[in-house]
Every structure is written in structure tokens, then in C-alpha cells.
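Trainee: What follows is the file structure.cif, containing mmCIF, C-alpha atoms:
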data_work
loop_
_atom_site.label_atom_id
_atom_site.label_comp_id
_atom_site.auth_asym_id
_atom_site.auth_seq_id
_atom_site.Cartn_x
_atom_site.Cartn_y
_atom_site.Cartn_z
CA MET H 1 43.52 46.10 16.69
CA LYS H 2 42.06 43.70 14.12
CA ARG H 3 40.12 40.67 15.32
CA PRO H 4 41.63 37.27 14.41
CA LEU H 5 39.95 35.49 11.48
CA ARG H 6 40.08 32.04 13.02
CA PHE H 7 36.33 31.50 12.37
CA LEU H 8 36.47 32.50 8.69
CA PRO H 9 37.16 28.99 7.30
CA LEU H 10 34.19 27.61 9.27
CA LEU H 11 31.90 30.39 8.04
CA LEU H 12 32.94 29.84 4.44
CA ALA H 13 32.36 26.12 4.77
CA LEU H 14 28.86 26.71 6.10
CA VAL H 15 28.03 29.15 3.30
CA PHE H 16 29.17 26.83 0.54
CA ALA H 17 27.39 23.87 2.17
CA LEU H 18 23.99 25.55 1.79
CA PRO H 19 21.94 23.94 -1.01
CA ALA H 20 21.08 26.20 -3.93
CA PRO H 21 17.53 26.07 -5.40
CA ALA H 22 17.46 24.16 -8.67
CA GLN H 23 17.82 26.31 -11.80
CA VAL H 24 17.29 29.60 -9.93
CA ALA H 25 18.89 32.60 -11.61
CA ARG H 26 20.24 35.20 -9.23
CA SER H 27 18.73 37.91 -11.38
CA ALA H 28 15.89 36.58 -13.49
CA PRO H 29 15.58 38.28 -16.91
CA PHE H 30 11.78 38.31 -16.61
CA HIS H 31 9.03 37.38 -14.16
CA ILE H 32 5.98 35.10 -14.30
CA GLY H 33 3.00 35.71 -12.04
CA VAL H 34 1.22 32.60 -10.75
CA VAL H 35 -2.17 32.97 -9.07
CA THR H 36 -3.85 30.04 -7.27
CA GLY H 37 -6.40 29.33 -4.57
CA THR H 38 -5.38 28.46 -1.03
CA SER H 39 -4.83 25.06 0.56
CA GLY H 40 -8.14 25.52 2.38
CA MET H 41 -10.10 25.19 -0.87
CA TRP H 42 -11.09 21.86 -2.39
CA GLY H 43 -8.39 21.20 -4.98
CA GLY H 44 -6.45 24.25 -3.80
CA ALA H 45 -3.67 22.22 -2.23
CA GLU H 46 -2.97 20.58 -5.60
CA ASP H 47 -2.88 23.94 -7.37
CA LEU H 48 -0.47 25.18 -4.71
CA ARG H 49 1.82 22.21 -5.38
CA GLY H 50 2.16 23.31 -8.99
CA ALA H 51 3.06 26.86 -7.99
CA GLU H 52 5.52 25.60 -5.38
CA GLU H 53 7.21 23.39 -7.98
CA LEU H 54 7.71 26.40 -10.25
CA VAL H 55 9.21 28.35 -7.34
CA ARG H 56 11.49 25.40 -6.53
CA ARG H 57 12.73 25.23 -10.10
CA TYR H 58 12.99 28.91 -10.96
CA GLY H 59 13.01 30.76 -7.65
CA ALA H 60 10.77 33.40 -6.12
CA VAL H 61 10.89 36.98 -7.35
CA ALA H 62 11.59 38.12 -3.79
CA ASP H 63 14.81 36.09 -3.88
CA GLY H 64 15.89 37.21 -7.33
CA GLY H 65 14.08 34.39 -9.13
CA MET H 66 11.36 34.25 -11.76
CA ILE H 67 8.07 33.28 -10.06
CA HIS H 68 5.75 35.67 -8.18
CA HIS H 69 3.07 33.51 -6.53
CA VAL H 70 -0.07 34.95 -4.91
CA THR H 71 -3.27 33.29 -3.68
CA TYR H 72 -6.80 34.59 -4.11
CA PRO H 73 -9.40 34.58 -1.29
CA GLU H 74 -11.28 31.41 -0.46
CA ASN H 75 -14.63 33.23 -0.68
CA PHE H 76 -13.73 34.45 -4.17
CA MET H 77 -17.36 34.66 -5.30
CA ASP H 78 -17.95 37.42 -2.72
CA MET H 79 -14.54 39.03 -3.18
CA GLN H 80 -14.12 39.23 -6.95
CA TRP H 81 -12.71 42.76 -6.77
CA GLU H 82 -9.90 41.54 -4.54
CA LEU H 83 -9.16 38.75 -7.02
CA ILE H 84 -9.13 41.26 -9.88
CA SER H 85 -6.89 43.66 -7.94
CA GLN H 86 -4.39 40.90 -7.14
CA ILE H 87 -4.02 39.92 -10.79
CA VAL H 88 -3.86 43.51 -12.04
CA ALA H 89 -1.23 44.38 -9.40
CA LEU H 90 1.16 41.84 -10.93
CA ALA H 91 1.25 43.93 -14.11
CA ALA H 92 2.87 46.82 -12.21
CA ASP H 93 6.13 44.83 -12.25
CA PRO H 94 8.05 46.00 -15.37
CA LEU H 95 9.70 42.56 -15.64
CA MET H 96 6.38 40.70 -15.62
CA LYS H 97 5.97 38.89 -18.93
CA ALA H 98 3.28 36.29 -18.19
CA ILE H 99 0.47 35.69 -15.70
CA VAL H 100 -0.94 32.22 -15.05
CA VAL H 101 -4.15 31.73 -13.04
CA ASN H 102 -5.06 28.19 -11.91
CA GLN H 103 -7.90 27.52 -11.21
CA SER H 104 -9.50 30.61 -12.79
CA PRO H 105 -12.66 31.70 -10.96
CA PRO H 106 -15.19 34.29 -12.14
CA GLY H 107 -13.45 37.67 -12.36
CA THR H 108 -10.34 36.33 -14.09
CA ALA H 109 -11.48 37.54 -17.53
CA GLU H 110 -12.14 41.05 -16.22
CA ALA H 111 -8.73 41.11 -14.56
CA PHE H 112 -7.09 40.00 -17.82
CA ARG H 113 -8.88 42.75 -19.73
CA ARG H 114 -7.59 45.35 -17.29
CA VAL H 115 -4.04 44.01 -17.56
CA ARG H 116 -4.30 44.08 -21.34
CA GLU H 117 -5.21 47.79 -21.28
CA THR H 118 -1.88 48.81 -19.75
CA ARG H 119 0.42 45.84 -20.49
CA PRO H 120 -0.40 44.22 -23.84
CA ASP H 121 3.04 42.58 -23.75
CA ILE H 122 2.07 40.25 -20.87
CA LEU H 123 0.94 36.72 -21.79
CA LEU H 124 -2.29 35.78 -20.01
CA LEU H 125 -3.03 32.10 -19.36
CA ALA H 126 -6.11 30.73 -17.58
CA GLY H 127 -6.02 27.20 -16.19
CA GLU H 128 -9.40 25.51 -15.67
CA PRO H 129 -11.51 28.68 -16.11
CA TRP H 130 -14.97 28.68 -14.55
CA GLU H 131 -16.33 31.44 -16.76
CA ASP H 132 -18.08 30.59 -20.00
CA PRO H 133 -15.65 29.79 -22.82
CA ALA H 134 -16.53 32.84 -24.94
CA VAL H 135 -15.86 35.12 -21.96
CA ILE H 136 -12.42 33.78 -21.07
CA GLU H 137 -11.39 33.29 -24.71
CA ASP H 138 -11.98 36.98 -25.37
CA ALA H 139 -9.57 37.94 -22.58
CA ALA H 140 -6.86 35.26 -22.43
CA ASP H 141 -4.02 34.37 -24.77
CA LEU H 142 -4.67 30.76 -23.79
CA ALA H 143 -7.33 29.03 -21.72
CA VAL H 144 -6.92 25.37 -20.79
CA ASN H 145 -9.58 23.02 -19.44
CA SER H 146 -9.58 19.34 -18.81
CA ASP H 147 -11.09 17.94 -21.99
CA PHE H 148 -14.76 18.05 -21.06
CA LEU H 149 -15.66 17.11 -24.65
CA LYS H 150 -13.56 13.99 -25.20
CA ARG H 151 -13.66 12.91 -21.54
CA GLY H 152 -17.44 12.91 -21.77
CA TYR H 153 -16.93 9.95 -24.08
CA THR H 154 -13.71 8.36 -22.72
CA ILE H 155 -14.94 8.15 -19.11
CA VAL H 156 -18.05 6.27 -20.25
CA TRP H 157 -15.90 4.09 -22.55
CA ALA H 158 -13.62 3.28 -19.60
CA ALA H 159 -16.63 2.49 -17.39
CA LYS H 160 -17.80 -0.07 -19.94
CA GLU H 161 -14.28 -1.55 -20.06
CA LEU H 162 -14.55 -2.08 -16.30
CA GLY H 163 -17.87 -3.89 -16.63
CA ALA H 164 -20.36 -1.10 -15.95
CA ARG H 165 -23.93 -1.50 -17.15
CA THR H 166 -25.15 1.81 -15.75
CA PHE H 167 -23.52 5.22 -15.49
CA VAL H 168 -24.66 7.67 -12.78
CA HIS H 169 -23.79 11.36 -13.08
CA ILE H 170 -23.94 13.28 -9.74
CA SER H 171 -24.14 17.08 -9.67
CA PHE H 172 -26.27 20.10 -8.68
CA PRO H 173 -27.87 23.09 -10.49
CA ARG H 174 -24.95 25.54 -10.14
CA HIS H 175 -22.54 23.18 -11.89
CA MET H 176 -25.08 22.20 -14.51
CA SER H 177 -25.43 25.89 -15.43
CA TYR H 178 -21.76 25.97 -16.52
CA GLU H 179 -21.39 25.37 -20.22
CA THR H 180 -18.32 23.17 -19.84
CA LEU H 181 -19.93 20.86 -17.28
CA GLY H 182 -23.38 20.91 -18.86
CA VAL H 183 -22.21 19.90 -22.33
CA ARG H 184 -20.03 17.11 -20.87
CA ARG H 185 -23.09 15.71 -19.12
CA LYS H 186 -24.94 15.64 -22.45
CA ILE H 187 -21.98 13.92 -24.14
CA MET H 188 -21.89 11.31 -21.35
CA GLU H 189 -25.58 10.57 -21.86
CA ALA H 190 -25.11 10.25 -25.63
CA ALA H 191 -22.02 8.05 -25.12
CA CYS H 192 -24.00 5.76 -22.83
CA GLU H 193 -26.65 5.33 -25.52
CA GLU H 194 -23.96 4.63 -28.14
CA LEU H 195 -22.02 2.16 -25.98
CA GLY H 196 -25.00 0.36 -24.48
CA LEU H 197 -25.05 1.68 -20.90
CA ALA H 198 -28.04 3.05 -19.02
CA PHE H 199 -27.61 6.70 -17.97
CA ALA H 200 -28.96 8.22 -14.74
CA PHE H 201 -28.66 11.62 -13.10
CA GLU H 202 -28.66 12.12 -9.32
CA THR H 203 -28.65 15.47 -7.51
CA ALA H 204 -26.42 16.15 -4.49
CA PRO H 205 -26.24 19.30 -2.32
CA ASP H 206 -23.95 22.10 -3.48
CA PRO H 207 -21.13 22.34 -0.89
CA THR H 208 -20.94 26.14 -1.39
CA THR H 209 -24.52 26.60 -0.10
CA GLU H 210 -25.68 26.68 3.53
CA VAL H 211 -25.34 22.89 3.88
CA GLY H 212 -21.58 23.28 3.49
CA VAL H 213 -19.03 20.57 2.73
CA ALA H 214 -19.96 18.54 5.82
CA GLY H 215 -23.63 18.45 4.87
CA ALA H 216 -22.89 17.47 1.26
CA GLN H 217 -20.56 14.70 2.37
CA GLU H 218 -23.09 13.37 4.90
CA PHE H 219 -25.66 13.25 2.10
CA MET H 220 -23.29 11.15 -0.01
CA LEU H 221 -22.55 8.74 2.84
CA ARG H 222 -26.29 8.14 3.29
CA ASN H 223 -27.30 7.98 -0.36
CA VAL H 224 -24.55 6.07 -2.20
CA PRO H 225 -25.63 2.73 -0.63
CA LEU H 226 -29.23 3.52 -1.65
CA TRP H 227 -28.14 4.29 -5.19
CA LEU H 228 -26.24 1.01 -5.36
CA GLN H 229 -29.41 -0.82 -4.30
CA LYS H 230 -31.30 1.08 -6.99
CA TYR H 231 -28.86 0.64 -9.89
CA GLY H 232 -26.77 -2.40 -8.91
CA LYS H 233 -23.06 -2.93 -8.27
CA ASP H 234 -22.15 -2.85 -11.97
CA THR H 235 -22.67 0.91 -11.91
CA ALA H 236 -20.04 3.58 -12.48
CA PHE H 237 -20.42 6.86 -10.60
CA PHE H 238 -19.11 10.30 -11.57
CA ALA H 239 -19.39 13.51 -9.50
CA THR H 240 -18.69 17.05 -10.68
CA ASN H 241 -17.50 18.32 -7.27
CA ASP H 242 -14.30 17.30 -5.49
CA ALA H 243 -15.85 17.58 -2.03
CA LEU H 244 -18.17 14.68 -2.87
CA LEU H 245 -15.40 12.26 -3.79
CA GLU H 246 -14.18 11.01 -0.42
CA PRO H 247 -17.58 9.72 0.77
CA LEU H 248 -18.37 8.45 -2.74
CA ILE H 249 -15.18 6.39 -3.00
CA ARG H 250 -15.51 5.15 0.58
CA ARG H 251 -19.03 3.85 0.06
CA LEU H 252 -18.25 2.33 -3.35
CA LEU H 253 -15.38 0.37 -1.81
CA GLU H 254 -17.61 -0.74 1.06
CA TYR H 255 -20.73 -1.67 -0.91
CA GLY H 256 -19.46 -2.25 -4.46
CA GLY H 257 -19.56 -0.07 -7.54
CA ILE H 258 -17.19 1.43 -10.12
CA PHE H 259 -15.31 4.73 -10.14
CA VAL H 260 -13.33 5.66 -13.27
CA GLU H 261 -11.81 9.01 -12.30
CA ALA H 262 -12.56 12.37 -10.72
CA ASP H 263 -13.74 15.53 -12.44
CA LEU H 264 -10.28 17.04 -11.73
CA PRO H 265 -8.26 13.83 -11.41
CA SER H 266 -5.49 13.30 -8.88
CA PRO H 267 -4.28 10.42 -6.70
CA LEU H 268 -4.94 12.78 -3.79
CA ASN H 269 -8.54 13.54 -4.74
CA GLY H 270 -10.75 11.48 -2.46
CA TYR H 271 -8.62 8.37 -2.16
CA PRO H 272 -6.40 9.17 0.88
CA GLY H 273 -9.35 10.26 3.02
CA ALA H 274 -11.59 7.42 1.87
CA LEU H 275 -8.87 4.87 2.61
CA GLY H 276 -7.57 6.50 5.79
CA LEU H 277 -4.05 6.82 4.36
CA ASP H 278 -1.26 9.02 5.69
CA LEU H 279 0.83 10.09 2.68
CA SER H 280 3.03 12.62 4.49
CA ALA H 281 6.12 10.43 3.99
CA GLU H 282 5.44 10.29 0.24
CA ASP H 283 4.42 13.94 -0.08
CA GLY H 284 5.19 15.26 -3.57
CA ASP H 285 6.31 11.85 -4.89
CA TYR H 286 3.35 10.89 -7.08
CA PRO H 287 4.64 7.42 -8.10
CA ALA H 288 5.17 6.54 -4.42
CA MET H 289 1.75 7.90 -3.46
CA LEU H 290 0.13 5.95 -6.29
CA ARG H 291 1.75 2.69 -5.15
CA LYS H 292 0.49 3.17 -1.59
CA ILE H 293 -3.03 4.02 -2.73
CA GLU H 294 -3.11 1.14 -5.20
CA LYS H 295 -2.09 -1.34 -2.49
CA ALA H 296 -4.95 -0.15 -0.27
CA VAL H 297 -7.53 -0.14 -3.09
CA VAL H 298 -6.61 -3.68 -4.16
CA ALA H 299 -6.64 -4.87 -0.54
CA GLY H 300 -10.13 -3.36 -0.21
CA GLY H 301 -11.42 -5.36 -3.18
CA GLY H 302 -11.32 -2.50 -5.68
CA ALA H 303 -8.94 -3.99 -8.24
CA ASP H 304 -10.05 -3.40 -11.85
CA ARG H 305 -12.94 -1.19 -10.65
CA PHE H 306 -11.30 2.08 -9.55
CA GLY H 307 -9.24 4.49 -11.63
CA VAL H 308 -7.27 7.72 -11.44
CA TRP H 309 -4.76 9.91 -13.24
CA THR H 310 -1.27 9.07 -12.04
CA TYR H 311 -0.45 12.73 -11.46
CA SER H 312 -2.57 15.55 -10.12
CA TYR H 313 -4.32 17.50 -12.86
CA GLY H 314 -4.37 20.68 -10.76
CA SER H 315 -0.68 20.50 -9.92
CA SER H 316 0.58 19.50 -13.36
CA LEU H 317 -1.66 22.02 -15.14
CA GLY H 318 -0.46 24.96 -13.04
CA ALA H 319 3.20 23.99 -13.27
CA GLY H 320 2.85 23.07 -16.94
CA LEU H 321 1.28 26.40 -17.88
CA GLY H 322 4.06 28.22 -16.04
CA GLU H 323 6.64 26.17 -17.93
CA TYR H 324 4.85 26.76 -21.22
CA ALA H 325 4.69 30.53 -20.61
CA LYS H 326 8.40 30.57 -19.77
CA ARG H 327 9.28 28.73 -22.99
CA VAL H 328 7.08 31.03 -25.09
CA VAL H 329 8.72 34.13 -23.59
CA GLU H 330 12.16 32.62 -24.19
CA GLY H 331 11.27 31.74 -27.78
CA THR H 332 11.62 27.95 -27.39
CA ALA H 333 7.86 27.29 -27.69
CA THR H 334 5.06 28.78 -29.78
CA MET H 335 1.83 30.12 -28.33
CA GLY H 336 -0.98 28.03 -29.75
CA ALA H 337 1.11 24.94 -30.57
CA LEU H 338 -0.55 21.99 -28.82
CA SER H 339 2.58 19.85 -29.12
CA ASP H 340 4.55 22.49 -27.20
CA LEU H 341 1.81 22.64 -24.55
CA TYR H 342 1.81 18.84 -24.14
CA ALA H 343 5.60 18.88 -23.86
CA ALA H 344 5.48 21.50 -21.09
CA LEU H 345 2.84 19.53 -19.18
CA GLY H 346 4.87 16.36 -19.62
CA VAL H 347 7.81 17.87 -17.74
CA PHE H 348 5.79 17.32 -14.55
CA THR H 349 4.17 13.95 -15.47
CA PRO H 350 6.97 11.61 -16.58
CA GLY H 351 5.61 8.41 -18.10
CA ALA H 352 2.03 9.65 -18.58
CA ALA H 353 0.70 10.57 -22.04
CA TRP H 354 -1.27 13.77 -22.73
CA SER H 355 -3.78 14.35 -25.49
CA GLY H 356 -6.61 16.77 -26.26
CA GLY H 357 -7.53 19.33 -28.87
CA TRP H 358 -9.12 22.73 -29.39
CA TYR H 359 -12.51 23.68 -28.04
CA ILE H 360 -15.32 23.98 -30.60
CA ASP H 361 -17.24 27.21 -30.05
CA GLU H 362 -20.80 26.65 -28.85
CA ALA H 363 -22.38 29.39 -30.98
CA SER H 364 -20.38 29.42 -34.21
CA ARG H 365 -19.35 25.71 -34.17
CA LEU H 366 -15.90 26.87 -35.25
CA THR H 367 -12.73 25.44 -33.71
CA THR H 368 -11.04 27.94 -31.42
CA THR H 369 -7.32 28.64 -31.47
CA ASN H 370 -6.77 29.83 -27.89
CA HIS H 371 -8.83 27.40 -25.80
CA ALA H 372 -7.12 24.05 -25.41
CA LEU H 373 -8.66 20.93 -23.88
CA VAL H 374 -6.27 18.36 -22.39
CA TYR H 375 -6.42 14.98 -20.70
CA MET H 376 -4.17 12.15 -19.55
CA ASP H 377 -4.37 8.37 -19.78
CA THR H 378 -6.57 6.72 -17.12
CA TYR H 379 -4.84 4.31 -14.73
CA ILE H 380 -6.87 1.44 -13.28
CA PHE H 381 -5.74 0.11 -9.90
CA GLY H 382 -4.70 -3.52 -10.15
CA ARG H 383 -4.69 -3.41 -13.95
CA GLY H 384 -2.62 -0.53 -15.33
CA TYR H 385 -3.24 2.14 -17.95
CA LEU H 386 -6.22 2.21 -20.27
CA PRO H 387 -5.38 3.82 -23.63
CA THR H 388 -7.87 6.65 -23.18
CA ALA H 389 -5.44 9.25 -24.55
CA ARG H 390 -5.29 7.32 -27.81
CA ILE H 391 -9.00 6.68 -28.35
CA GLU H 392 -10.46 8.23 -31.47
CA VAL H 393 -13.58 9.97 -30.17
CA PRO H 394 -16.27 10.13 -32.89
CA GLU H 395 -16.69 13.66 -34.21
CA LYS H 396 -20.44 13.68 -33.55
CA PHE H 397 -19.83 13.71 -29.80
CA LEU H 398 -17.59 16.75 -30.06
CA ARG H 399 -20.37 18.60 -31.89
CA ILE H 400 -22.98 18.18 -29.15
CA ARG H 401 -24.15 21.59 -27.95
CA PHE H 402 -24.99 22.92 -24.49
CA TYR H 403 -27.75 25.13 -25.83
CA GLY H 404 -29.99 23.13 -28.11
CA PRO H 405 -29.74 19.55 -29.48
#
Just give me the structure as C-alpha cells.
Mentor:
Amino acid sequence: MKRPLRFLPLLLALVFALPAPAQVARSAPFHIGVVTGTSGMWGGAEDLRGAEELVRRYGAVADGGMIHHVTYPENFMDMQWELISQIVALAADPLMKAIVVNQSPPGTAEAFRRVRETRPDILLLAGEPWEDPAVIEDAADLAVNSDFLKRGYTIVWAAKELGARTFVHISFPRHMSYETLGVRRKIMEAACEELGLAFAFETAPDPTTEVGVAGAQEFMLRNVPLWLQKYGKDTAFFATNDALLEPLIRRLLEYGGIFVEADLPSPLNGYPGALGLDLSAEDGDYPAMLRKIEKAVVAGGGADRFGVWTYSYGSSLGAGLGEYAKRVVEGTATMGALSDLYAALGVFTPGAAWSGGWYIDEASRLTTTNHALVYMDTYIFGRGYLPTARIEVPEKFLRIRFYGP
């Protein structure tokens, strides 16, 4: 005897009431691999947001969608072979057409070379690579960094706009051995001389050493007030490591000082912790988070002295590179067209302008065609946007070399 179907209308109603993921195809025509760090890494949470946004828009491969997201180990320096294996494993998928890594730690170039050996059809994109430019350029179809050349000038220019007389660059030997960070430091020093600011360099502990993040942050809490006594309140500070930002911003708000923007800018980099803000209600809504942070900064006396990018660089870069790869595979964008890259990034940063250019090779002094440098307008709390994305940076600053004069 057949069972009555009196519950069928209710079941159908429940099924059709379930929300469908935006733009997810039930059977994606191709796949994109996205590789990021974990939320436990400094900046990793922002990179994860970008990957999660791509999954939200285009679905996970496991559910018939387009995006296959994996995370590499937090101790990636000691586990490079695992990182390499994770990236290479993505190429075993016959539908894989692009792989995006963001951020791209040492080992990414080797992984790309191994993928290229068996799957030359896969596009390989490296967001914020930590390997020397020549190394990643040889392996990737496209590498993208924040514009360490032009920002070396624009950050100093912005500091002067905010009334700075001195510019203090904070870092440690490991970072200063990286070509991208080392040449930016030299550009900042040259820009200070050009624009009439005094330049100073201060060393902080490397959070990846035995002192750890806690030790590095404790150092900053103790020393920022001393530096302000040494250099004065009309001093802008810049640090190359995200872990140093929270204590830096906190002390600058307490004792005075200027902060233009972070190395990898985001409203969530340093500000929420320094201000004691809970942004869980605004999670993922960058305009709402910015308003809440701005209100706290202005209330703390930081108006016209603290800046930020209005969207996370880590999140928008990862999502933007995934979008760019998708458009290139579909034939609606061209690999190597900066305007197409800016348009893909802009999907995730409505209202904010992007600019940049191509990296100039350190050795040959030739302009590369697969290493893009990008940056966004700087927003000053209590004031609004500075036109940093529209500044014409003098060519001589872009020609400064890491090795040599």
C-alpha cells in the first residue's frame, strides 16, 4: 500500500525556500584553485575573506561550483614541501584552468614550475609574492604586489600633507633583505630628502623569531613613546610587519604621532585591536567597519593624522585575482592588461580608485610585463581621501635600485 503524500507540499516549499549561492553554476565549466594562509597568520584572515567571497559568488568545486580553496601551513618556512605539494595537487584536476596564491610565500615559484611541467594550460597568478621578483616572474603568468615603488613616494607625500616633519621606518633584518621591501625603504628615504622631511630607521624584533608576536608587540608598546620623545609628535611612523601595527597605532593615539597606512593596508589591520572595537556586527561590510573605526579614531583625537585603505588589500587582491583569472579564461579580459586587472580588483572595492604600473627589473632596468604593482587611494580619518592614486611619481624614484645606488 502506498504511503499518503500529505507532507509533499511542505517538503517542496522547504526546498524552494532554501537560498541559492549567488552566481553558482551547478556544473562549472572550469575550476580555479585559490591558495591562502590560515586565519591564525597575521593578515591571513583578510586573505581568507577574499577566497570566501569567491566561493560565495561562484561556488565551491565540491558543490559543483568553480572555486577550490586550500590553505597552506602556518609554519610555511619549515614546511615548504607541503606548500608545493598542495599547489601541485590542484593541477591533477582536469578542469583546473587557473591557480591563484595569496599571499605567496617562498616555495610558490617552485610549485608553479612543477605545475607548468605537466599543465602548461593552467594560468598561474601570485598575489603579494615574498620571493625575489626575478624568481617569481620566471614562474608565474602574473605576479602582483602592492606598489612598493610608487608607495615609497606616496606614503611620504601623504605624511607631509598631514603635517609630518620626520618619517620613521620600522623594520628588522629579514624584511630588509627582501628586494621589494628594501628598495621601498630606499625610495622613502630619497622621497623624504626631496620633500623636506627628516628620515630615520628604527629596528624592532622579528615576530617570527624566538621573541614571537607577543615579544615584538611588547617592544613596540615600550619604545613608541620613547621614539615620540626623540623625534617629536609631528612624526609619521611606518612598519613593515602587520604584527607591529596594533601597539604602534595604540601608542600613537595615546601619545601623539602620525600614521599614514599599513604595509598591507586594511581597516582591520591594527585599528580594531588598538581601539578595542568589536566589529562582529559589521563583519564583511567594509564601509560600515570604516565608519565605526573612523568614529573611534576621531573621538581619540586622531582626526587628520591617521589613514587607511577603505578596503582590505589582502582580501581585495585575492578576490580580484580570482575574478581576473576567471575573466581571462572566459575571454572577457586579457592577461597583461592593467586596465582589466584594475577592473577586476574594483569589483570588490566599490568607490575606491586603483592605480599602479609594471615593475622595473632590478638588474636589467627594463619594465616587466608580468609583474604588476597596484595601490589604492589613501583615506584619512576625519578628512577623506587623499589623491594618492593620481599623483605623478617622478621617474627617478622608480629607478632607485636595491643593489647599488
Trainee: Interatomic distance between atom CA of Ala353 of chain H and atom CA of Pro267 of chain H?
Mentor: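 Distance between the two atoms: 16.1 Å.
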Trainee: When you look at Tyr375 of chain H with a cut-off of 8 Å (counting only C-alpha atoms), what residues show up, excluding the ones that are within fewer than 2 positions of it in the same chain? I need them as a ChimeraX atom specification.
Mentor: /H:146-147,151,354-356,373,377,389
Trainee: Selection in question (the file shown): the PyMOL selection byres ((chain H and resi 170) around 7). Which residues does it include, as a list in words?
Mentor: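 Given this file, the PyMOL selection byres ((chain H and resi 170) around 7) evaluates to Val168, His169, Ser171, Phe201, Glu202, Thr203, Ala204, Phe238, Ala239 and Thr240 of chain H.
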Trainee: Name the residues that the PyMOL selection byres ((chain H and resi 90-95) around 10) picks from the file above, as a ChimeraX atom specification, using the file's chain letters and numbers.
Mentor: /H:28-35,66,68-70,85-89,96-99,112,114-116,118-122
Trainee: Could you state which residues are captured by the PyMOL selection byres ((chain H and resi 316-321) around 10) in this file, as an MDAnalysis selection string?
Mentor: chainID H and resid 34:36 46:55 99:103 125:128 142:146 266 311:315 322:327 341:349 374
Trainee: Rounded to one decimal place, report the atom CA of Glu395 of chain H-atom CA of Arg185 of chain H distance in Å.
Mentor: 16.5 Å
Trainee: Using atom CA of Gln217 of chain H and atom CA of Asp263 of chain H as the two end points, give the distance in Å to one decimal.
Mentor: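 Those two atoms sit 16.3 Å apart.
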Trainee: Compare H:Ala158, H:Leu226, H:Met335, H:Met289 by their minimum atom-to-atom distance to Ala140 of chain H, counting all atoms listed in the file, and give me the closest one.
Mentor: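 With all atoms listed in the file as the atom set, the closest residue is H:Met335.
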Trainee: Can you list, as a list in words, every protein, DNA or RNA residue that comes within 8 Å of Ala190 of chain H when you count all atoms listed in the file, leaving out same-chain residues fewer than 4 positions away?
Mentor: Lys186, Glu194 and Phe397 of chain H
Trainee: Would you mind telling me which residue in H:Leu197, H:Gly382, H:Tyr255, H:Trp227 lies nearest to Ile293 of chain H when using only C-alpha atoms?
Mentor: H:Gly382
Trainee: Contacts of Gly215 of chain H at 12 Å or less, counting all atoms listed in the file, minus same-chain residues fewer than 3 places along, as a ChimeraX atom specification?
Mentor: /H:204-212,218-222,243-244,247
Trainee: Identify which of the residues H:Asp138, H:Asp242, H:Asp304, H:Glu282 lies closest to Ala159 of chain H, counting only C-alpha atoms when measuring atom-to-atom distances.
Mentor: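 The closest residue to Ala159 of chain H is H:Asp304.
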Trainee: Name all residues at most 7 Å from Ile380 of chain H (count all atoms listed in the file; drop same-chain ones fewer than 3 positions away) and give them as a ChimeraX atom specification.
Mentor: /H:304,306-308,383-385
Trainee: For each of H:Val329, H:Ala60, H:Leu264, H:Ala296, take the minimum atom-to-atom distance to Leu181 of chain H, counting only C-alpha atoms, then give the residue where this is smallest.
Mentor: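 When distances to Leu181 of chain H are compared using only C-alpha atoms, the smallest one comes from H:Leu264.
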Trainee: Identify which of the residues H:Val328, H:Leu338, H:Ile360, H:Leu290 lies closest to Tyr379 of chain H, counting only C-alpha atoms when measuring atom-to-atom distances.
Mentor: H:Leu290
